[in-house]
$ cat input00.pdb   # PDB, C-alpha atoms
ATOM      1  CA  VAL C 243      27.270 -67.521  24.078
ATOM      2  CA  ILE C 244      29.586 -64.565  24.554
ATOM      3  CA  ASN C 245      28.905 -64.031  28.257
ATOM      4  CA  GLN C 246      26.080 -64.375  30.785
ATOM      5  CA  GLN C 247      24.148 -61.495  29.218
ATOM      6  CA  LEU C 248      24.990 -61.600  25.513
ATOM      7  CA  GLN C 249      24.329 -64.260  22.892
ATOM      8  CA  ALA C 250      25.125 -63.934  19.198
ATOM      9  CA  MET C 251      24.453 -66.057  16.145
ATOM     10  CA  LEU C 252      25.809 -65.671  12.621
ATOM     11  CA  ILE C 253      23.477 -67.162  10.008
ATOM     12  CA  ILE C 254      24.534 -67.944   6.441
ATOM     13  CA  GLU C 255      21.924 -69.764   4.351
ATOM     14  CA  PRO C 256      22.907 -70.048   0.684
ATOM     15  CA  SER C 257      20.329 -71.779  -1.485
ATOM     16  CA  TYR C 258      19.830 -72.722  -5.091
ATOM     17  CA  GLN C 259      16.441 -73.110  -6.760
ATOM     18  CA  HIS C 260      15.785 -74.878 -10.035
ATOM     19  CA  GLY C 261      12.465 -75.451 -11.766
ATOM     20  CA  LEU C 262       9.439 -73.355 -12.609
ATOM     21  CA  LEU C 263      10.075 -70.143 -10.650
ATOM     22  CA  ALA C 264       7.657 -67.915 -12.561
ATOM     23  CA  THR C 265       4.035 -67.577 -11.525
ATOM     24  CA  LYS C 266       2.212 -68.270 -14.779
ATOM     25  CA  TYR C 267      -1.039 -66.575 -13.738
ATOM     26  CA  GLN C 268       0.863 -63.283 -13.171
ATOM     27  CA  ARG C 269       0.439 -61.069 -16.212
ATOM     28  CA  SER C 270       2.938 -58.552 -17.541
ATOM     29  CA  TYR C 271       1.932 -55.699 -19.832
ATOM     30  CA  PHE C 272       4.335 -54.413 -22.471
ATOM     31  CA  THR C 273       4.947 -51.004 -24.030
ATOM     32  CA  ASN C 274       3.422 -52.201 -27.328
ATOM     33  CA  GLY C 275       0.141 -53.189 -25.622
ATOM     34  CA  THR C 276       0.733 -56.955 -25.558
ATOM     35  CA  VAL C 277       0.137 -59.092 -22.472
ATOM     36  CA  LYS C 278       2.108 -62.213 -21.498
ATOM     37  CA  SER C 279       2.375 -64.526 -18.494
ATOM     38  CA  GLU C 280       5.300 -63.817 -16.208
ATOM     39  CA  ASN C 281       8.532 -65.402 -17.397
ATOM     40  CA  LEU C 282      11.562 -65.749 -15.126
ATOM     41  CA  PRO C 283      14.756 -67.841 -15.274
ATOM     42  CA  ASP C 284      14.394 -71.447 -14.136
ATOM     43  CA  ASN C 285      17.220 -71.168 -11.614
ATOM     44  CA  ARG C 286      18.144 -68.781  -8.843
ATOM     45  CA  PHE C 287      20.994 -68.569  -6.344
ATOM     46  CA  LYS C 288      20.211 -66.798  -3.052
ATOM     47  CA  LEU C 289      22.618 -65.688  -0.342
ATOM     48  CA  PRO C 290      21.146 -64.351   2.907
ATOM     49  CA  ILE C 291      23.574 -63.506   5.716
ATOM     50  CA  GLY C 292      22.206 -62.600   9.132
ATOM     51  CA  LEU C 293      23.343 -61.693  12.611
ATOM     52  CA  ARG C 294      21.207 -62.170  15.717
ATOM     53  CA  LEU C 295      22.143 -60.575  19.048
ATOM     54  CA  ASN C 296      20.199 -61.151  22.272
ATOM     55  CA  TYR C 297      21.093 -59.107  25.322
ATOM     56  CA  PHE C 298      19.652 -60.075  28.707
ATOM     57  CA  LEU C 299      19.498 -56.685  30.421
ATOM     58  CA  ASN C 300      18.098 -58.073  33.691
ATOM     59  CA  ASP C 301      15.389 -60.481  34.864
ATOM     60  CA  GLN C 302      12.709 -58.230  33.392
ATOM     61  CA  PHE C 303      14.039 -57.124  29.965
ATOM     62  CA  ILE C 304      15.583 -58.858  26.974
ATOM     63  CA  ILE C 305      16.726 -56.946  23.904
ATOM     64  CA  ARG C 306      16.503 -59.075  20.759
ATOM     65  CA  THR C 307      18.020 -57.728  17.556
ATOM     66  CA  PHE C 308      18.427 -59.171  14.096
ATOM     67  CA  TYR C 309      20.009 -57.910  10.877
ATOM     68  CA  ARG C 310      19.953 -59.698   7.509
ATOM     69  CA  TYR C 311      21.522 -58.880   4.166
ATOM     70  CA  TYR C 312      20.086 -60.701   1.154
ATOM     71  CA  GLN C 313      21.349 -60.920  -2.422
ATOM     72  CA  ASP C 314      20.442 -63.124  -5.367
ATOM     73  CA  ASP C 315      21.560 -63.511  -8.954
ATOM     74  CA  TRP C 316      18.354 -61.865 -10.249
ATOM     75  CA  GLY C 317      19.693 -58.544  -8.940
ATOM     76  CA  LEU C 318      17.572 -58.336  -5.793
ATOM     77  CA  LYS C 319      19.363 -56.933  -2.736
ATOM     78  CA  ALA C 320      17.739 -56.331   0.647
ATOM     79  CA  HIS C 321      18.472 -55.180   4.181
ATOM     80  CA  THR C 322      16.254 -56.166   7.106
ATOM     81  CA  ALA C 323      16.603 -54.992  10.710
ATOM     82  CA  GLU C 324      14.450 -56.160  13.642
ATOM     83  CA  LEU C 325      14.121 -55.142  17.269
ATOM     84  CA  GLU C 326      12.003 -56.864  19.919
ATOM     85  CA  ILE C 327      12.003 -56.105  23.643
ATOM     86  CA  PRO C 328      10.155 -58.749  25.667
ATOM     87  CA  THR C 329       9.257 -57.327  29.069
ATOM     88  CA  LYS C 330       8.332 -59.624  31.947
ATOM     89  CA  ILE C 331       5.490 -58.046  33.928
ATOM     90  CA  SER C 332       5.242 -61.021  36.292
ATOM     91  CA  PRO C 333       6.818 -64.506  36.318
ATOM     92  CA  PHE C 334       3.909 -65.716  34.162
ATOM     93  CA  PHE C 335       3.011 -62.684  32.004
ATOM     94  CA  SER C 336       5.070 -60.760  29.455
ATOM     95  CA  ILE C 337       4.577 -58.164  26.715
ATOM     96  CA  SER C 338       6.809 -58.042  23.613
ATOM     97  CA  PRO C 339       6.732 -54.921  21.420
ATOM     98  CA  PHE C 340       8.518 -55.409  18.082
ATOM     99  CA  TYR C 341       9.563 -53.515  14.947
ATOM    100  CA  ARG C 342      10.991 -54.717  11.618
ATOM    101  CA  TYR C 343      12.245 -52.553   8.746
ATOM    102  CA  ASN C 344      13.028 -53.892   5.291
ATOM    103  CA  ASN C 345      14.446 -52.137   2.232
ATOM    104  CA  GLN C 346      15.133 -53.864  -1.067
ATOM    105  CA  SER C 347      16.272 -52.992  -4.555
ATOM    106  CA  GLY C 348      14.132 -54.800  -7.107
ATOM    107  CA  THR C 349      15.119 -57.568  -9.438
ATOM    108  CA  LYS C 350      16.350 -56.614 -12.903
ATOM    109  CA  TYR C 351      13.290 -58.341 -14.416
ATOM    110  CA  PHE C 352      10.681 -56.123 -12.728
ATOM    111  CA  ALA C 353       8.727 -53.356 -14.467
ATOM    112  CA  THR C 354       5.371 -51.774 -13.692
ATOM    113  CA  TYR C 355       2.194 -51.939 -15.775
ATOM    114  CA  GLY C 356       2.861 -51.279 -19.478
ATOM    115  CA  GLN C 357       6.603 -50.693 -19.031
ATOM    116  CA  HIS C 358       8.133 -54.005 -20.168
ATOM    117  CA  ASN C 359      10.185 -54.081 -23.350
ATOM    118  CA  PRO C 360       8.479 -56.438 -25.871
ATOM    119  CA  THR C 361      11.862 -58.038 -26.720
ATOM    120  CA  ALA C 362      12.690 -58.947 -23.086
ATOM    121  CA  THR C 363      13.238 -62.638 -22.425
ATOM    122  CA  TYR C 364      12.465 -62.449 -18.693
ATOM    123  CA  PHE C 365       9.857 -60.172 -17.116
ATOM    124  CA  THR C 366       7.653 -59.774 -14.063
ATOM    125  CA  SER C 367       5.286 -57.201 -12.605
ATOM    126  CA  ASP C 368       5.160 -58.876  -9.187
ATOM    127  CA  TYR C 369       5.701 -56.099  -6.655
ATOM    128  CA  ASP C 370       7.332 -58.572  -4.242
ATOM    129  CA  LEU C 371      10.261 -58.425  -6.687
ATOM    130  CA  SER C 372      10.239 -54.610  -6.992
ATOM    131  CA  SER C 373      12.202 -51.941  -5.156
ATOM    132  CA  LEU C 374      10.359 -51.297  -1.905
ATOM    133  CA  SER C 375      10.580 -50.601   1.782
ATOM    134  CA  SER C 376       8.332 -51.872   4.553
ATOM    135  CA  ASP C 377       7.634 -51.453   8.246
ATOM    136  CA  PHE C 378       6.079 -54.088  10.500
ATOM    137  CA  PHE C 379       5.350 -53.241  14.120
ATOM    138  CA  GLY C 380       3.166 -54.493  16.909
ATOM    139  CA  THR C 381       3.184 -56.348  20.183
ATOM    140  CA  GLY C 382       2.677 -59.775  21.693
ATOM    141  CA  ILE C 383       1.153 -60.833  25.005
ATOM    142  CA  ARG C 384       2.328 -64.126  26.517
ATOM    143  CA  LEU C 385       0.861 -66.119  29.417
ATOM    144  CA  THR C 386       2.596 -69.102  31.052
ATOM    145  CA  PRO C 387       0.621 -69.908  34.233
ATOM    146  CA  PRO C 388       2.163 -72.667  36.401
ATOM    147  CA  LYS C 389      -1.093 -74.665  36.501
ATOM    148  CA  GLY C 390      -1.697 -74.373  32.754
ATOM    149  CA  VAL C 391      -3.711 -71.946  30.673
ATOM    150  CA  PHE C 392      -7.346 -71.828  31.869
ATOM    151  CA  GLY C 393      -6.413 -74.626  34.304
ATOM    152  CA  VAL C 394      -5.516 -77.014  31.443
ATOM    153  CA  GLN C 395      -2.207 -78.523  32.647
ATOM    154  CA  ARG C 396      -1.107 -79.722  29.191
ATOM    155  CA  LEU C 397      -1.593 -76.221  27.713
ATOM    156  CA  ASN C 398       1.302 -74.408  29.359
ATOM    157  CA  MET C 399       1.666 -71.286  27.163
ATOM    158  CA  VAL C 400      -0.547 -69.002  25.071
ATOM    159  CA  GLU C 401       0.683 -66.005  23.089
ATOM    160  CA  LEU C 402      -1.396 -63.516  21.120
ATOM    161  CA  ARG C 403       0.450 -61.226  18.678
ATOM    162  CA  TYR C 404      -0.773 -58.290  16.651
ATOM    163  CA  GLY C 405       1.231 -56.592  13.913
ATOM    164  CA  HIS C 406       0.586 -53.804  11.411
ATOM    165  CA  TYR C 407       2.433 -54.024   8.073
ATOM    166  CA  VAL C 408       2.963 -51.029   5.770
ATOM    167  CA  ARG C 409       4.762 -51.271   2.438
ATOM    168  CA  SER C 410       5.834 -48.479   0.091
ATOM    169  CA  THR C 411       3.901 -50.168  -2.746
ATOM    170  CA  SER C 412       0.623 -49.251  -0.937
ATOM    171  CA  LEU C 413       0.145 -52.681   0.643
ATOM    172  CA  LEU C 414      -1.278 -52.528   4.168
ATOM    173  CA  SER C 415      -1.976 -55.502   6.385
ATOM    174  CA  ASP C 416      -2.965 -56.326   9.939
ATOM    175  CA  VAL C 417      -1.848 -59.676  11.329
ATOM    176  CA  ILE C 418      -3.181 -61.438  14.416
ATOM    177  CA  SER C 419      -1.604 -64.745  15.423
ATOM    178  CA  LEU C 420      -2.181 -67.177  18.262
ATOM    179  CA  ASN C 421       0.580 -69.453  19.514
ATOM    180  CA  LEU C 422      -0.207 -72.363  21.848
ATOM    181  CA  LYS C 423       2.328 -74.636  23.543
ATOM    182  CA  PHE C 424       1.373 -78.071  24.805
ATOM    183  CA  LYS C 425       3.477 -80.274  27.110
TER
END

$ encode --input "input00.pdb" --output "structure tokens"
Amino acid sequence: VINQQLQAMLIIEPSYQHGLLATKYQRSYFTNGTVKSENLPDNRFKLPIGLRLNYFLNDQFIIRTFYRYYQDDWGLKAHTAELEIPTKISPFFSISPFYRYNNQSGTKYFATYGQHNPTATYFTSDYDLSSLSSDFFGTGIRLTPPKGVFGVQRLNMVELRYGHYVRSTSLLSDVISLNLKFK
């Protein structure tokens, strides 16, 4: 807590994975026409570093920001930035528009269809490990009535969120989530 209006959090979450990290049903196609199951190293070190800042503008608006840098020993590097501005319409009703941008450089093992070298030891065609950028935006609606949601005292909060996801690899998605809080 920096002051009455500003809170900050530094997040460092190194992790190490060991085991079967390849998805064996993922196929990779090679320049010589052969097809093999994805093969990746059996260990991976990840280092994400993030910074979260929340600024309480007044009783009605909060500005929530987040930035994360990610790097691993497979060569993947990524930057993610998020902004959310919850707005209190009444003491029991708020709307939260949000936006997240992500940009990553792909792992050194990624190649598209038919582009893998037949002599490569490790290879994947999983676009989650490719170079890409994405946008995710939407809004949430939150109700916290003092006598409970729909008069149910134990159900003290309901939130409905909608988001639209667009990725440079042609992936599109719409997400609807429901969050319930019980006392």

$ axis_aligned_box --input "input00.pdb" --around "stretch 248-262 of chain C" --padding-each-side "4 Å" --output "lines of an AutoDock Vina configuration file"
center_x = 17.6
center_y = -68.5
center_z = 6.5
size_x = 24.4
size_y = 21.9
size_z = 46.1

$ residues_around --input "input00.pdb" --residues "C:Phe308" --least-positions-apart "2" --cutoff "6 Å" --atoms "only C-alpha atoms" --output "ChimeraX atom specification"
/C:293-294,323-324

$ resolve_selection --input "input00.pdb" --expression "the PyMOL selection byres ((chain C and resi 416-420) around 7)" --output "MDAnalysis selection string"
chainID C and resid 401:407 415 421:422

$ residues_around --input "input00.pdb" --residues "C:Asp314" --least-positions-apart "5" --cutoff "12 Å" --atoms "all atoms listed in the file" --output "list in words"
Glu255, Pro256, Ser257, Tyr258, Gln259, Asn285, Arg286, Phe287, Lys288, Leu289, Pro290, Ile291, Lys319, Ala320, Gln346, Ser347, Gly348, Thr349, Lys350 and Leu371 of chain C

$ resolve_selection --input "input00.pdb" --expression "the PyMOL selection byres ((chain C and resi 363) around 10)" --output "number ranges by chain"
C: 281-283, 351, 359-362, 364-365

$ write_last_selection --input "input00.pdb" --atoms "C-alpha atoms" --output "CSV table (one decimal), keeping the file's coordinate frame"
chain,number,residue,atom,x,y,z
C,281,ASN,CA,8.5,-65.4,-17.4
C,282,LEU,CA,11.6,-65.7,-15.1
C,283,PRO,CA,14.8,-67.8,-15.3
C,351,TYR,CA,13.3,-58.3,-14.4
C,359,ASN,CA,10.2,-54.1,-23.4
C,360,PRO,CA,8.5,-56.4,-25.9
C,361,THR,CA,11.9,-58.0,-26.7
C,362,ALA,CA,12.7,-58.9,-23.1
C,364,TYR,CA,12.5,-62.4,-18.7
C,365,PHE,CA,9.9,-60.2,-17.1

$ closest_residue --input "input00.pdb" --among "C:Gln249, C:Thr322, C:Ser270, C:Ser279" --to "C:Ser376" --atoms "all atoms listed in the file"
C:Thr322

$ closest_residue --input "input00.pdb" --among "C:His260, C:Phe335, C:His321, C:Met251" --to "C:Pro388" --atoms "all atoms listed in the file"
C:Phe335

$ closest_residue --input "input00.pdb" --among "C:Asn274, C:Gln395, C:Leu299, C:Lys266" --to "C:Leu248" --atoms "all atoms listed in the file"
C:Leu299

$ closest_residue --input "input00.pdb" --among "C:Asp315, C:Phe352, C:Phe424, C:Thr411" --to "C:Asn398" --atoms "all atoms listed in the file"
C:Phe424

$ closest_residue --input "input00.pdb" --among "C:Ile244, C:Arg306, C:Gly261, C:Gly356" --to "C:Asp284" --atoms "all atoms listed in the file"
C:Gly261

$ build_atoms --input "input00.pdb" --residues "stretch 324-340 of chain C" --atoms "N, CA, C and O atoms" --output "compact mmCIF listing (two decimals), in the frame of the given file"
# COMPACT_ATOMS: atom_id res chain seq x y z
N GLU C 324 15.55 -55.90 12.71
CA GLU C 324 14.45 -56.16 13.64
C GLU C 324 14.89 -55.84 15.06
O GLU C 324 16.05 -56.04 15.42
N LEU C 325 13.91 -55.39 15.85
CA LEU C 325 14.12 -55.14 17.27
C LEU C 325 12.88 -55.61 18.02
O LEU C 325 11.76 -55.28 17.63
N GLU C 326 13.10 -56.41 19.06
CA GLU C 326 12.00 -56.86 19.92
C GLU C 326 12.49 -56.78 21.36
O GLU C 326 13.63 -57.17 21.65
N ILE C 327 11.63 -56.25 22.24
CA ILE C 327 12.00 -56.10 23.64
C ILE C 327 10.95 -56.76 24.53
O ILE C 327 10.02 -56.10 25.00
N PRO C 328 11.07 -58.08 24.74
CA PRO C 328 10.15 -58.75 25.67
C PRO C 328 10.35 -58.21 27.09
O PRO C 328 11.47 -58.09 27.56
N THR C 329 9.23 -57.89 27.72
CA THR C 329 9.26 -57.33 29.07
C THR C 329 8.41 -58.21 29.97
O THR C 329 7.22 -58.39 29.73
N LYS C 330 9.04 -58.74 31.01
CA LYS C 330 8.33 -59.62 31.95
C LYS C 330 7.63 -58.76 32.99
O LYS C 330 8.26 -58.06 33.75
N ILE C 331 6.29 -58.79 32.97
CA ILE C 331 5.49 -58.05 33.93
C ILE C 331 5.39 -58.81 35.25
O ILE C 331 5.43 -58.24 36.32
N SER C 332 5.26 -60.13 35.13
CA SER C 332 5.24 -61.02 36.29
C SER C 332 5.94 -62.31 35.84
O SER C 332 6.25 -62.46 34.66
N PRO C 333 6.17 -63.26 36.75
CA PRO C 333 6.82 -64.51 36.32
C PRO C 333 6.03 -65.27 35.24
O PRO C 333 6.59 -66.10 34.54
N PHE C 334 4.74 -64.95 35.08
CA PHE C 334 3.91 -65.72 34.16
C PHE C 334 3.28 -64.88 33.06
O PHE C 334 2.47 -65.39 32.28
N PHE C 335 3.64 -63.59 32.97
CA PHE C 335 3.01 -62.68 32.00
C PHE C 335 4.07 -61.74 31.42
O PHE C 335 4.82 -61.12 32.18
N SER C 336 4.12 -61.67 30.09
CA SER C 336 5.07 -60.76 29.46
C SER C 336 4.45 -60.09 28.23
O SER C 336 3.51 -60.62 27.62
N ILE C 337 4.99 -58.93 27.89
CA ILE C 337 4.58 -58.16 26.72
C ILE C 337 5.82 -57.96 25.86
O ILE C 337 6.90 -57.67 26.38
N SER C 338 5.66 -58.12 24.53
CA SER C 338 6.81 -58.04 23.61
C SER C 338 6.53 -57.09 22.45
O SER C 338 6.05 -57.52 21.39
N PRO C 339 6.85 -55.80 22.58
CA PRO C 339 6.73 -54.92 21.42
C PRO C 339 7.84 -55.25 20.40
O PRO C 339 8.94 -55.65 20.79
N PHE C 340 7.53 -55.09 19.11
CA PHE C 340 8.52 -55.41 18.08
C PHE C 340 8.41 -54.44 16.90
O PHE C 340 7.38 -53.80 16.69
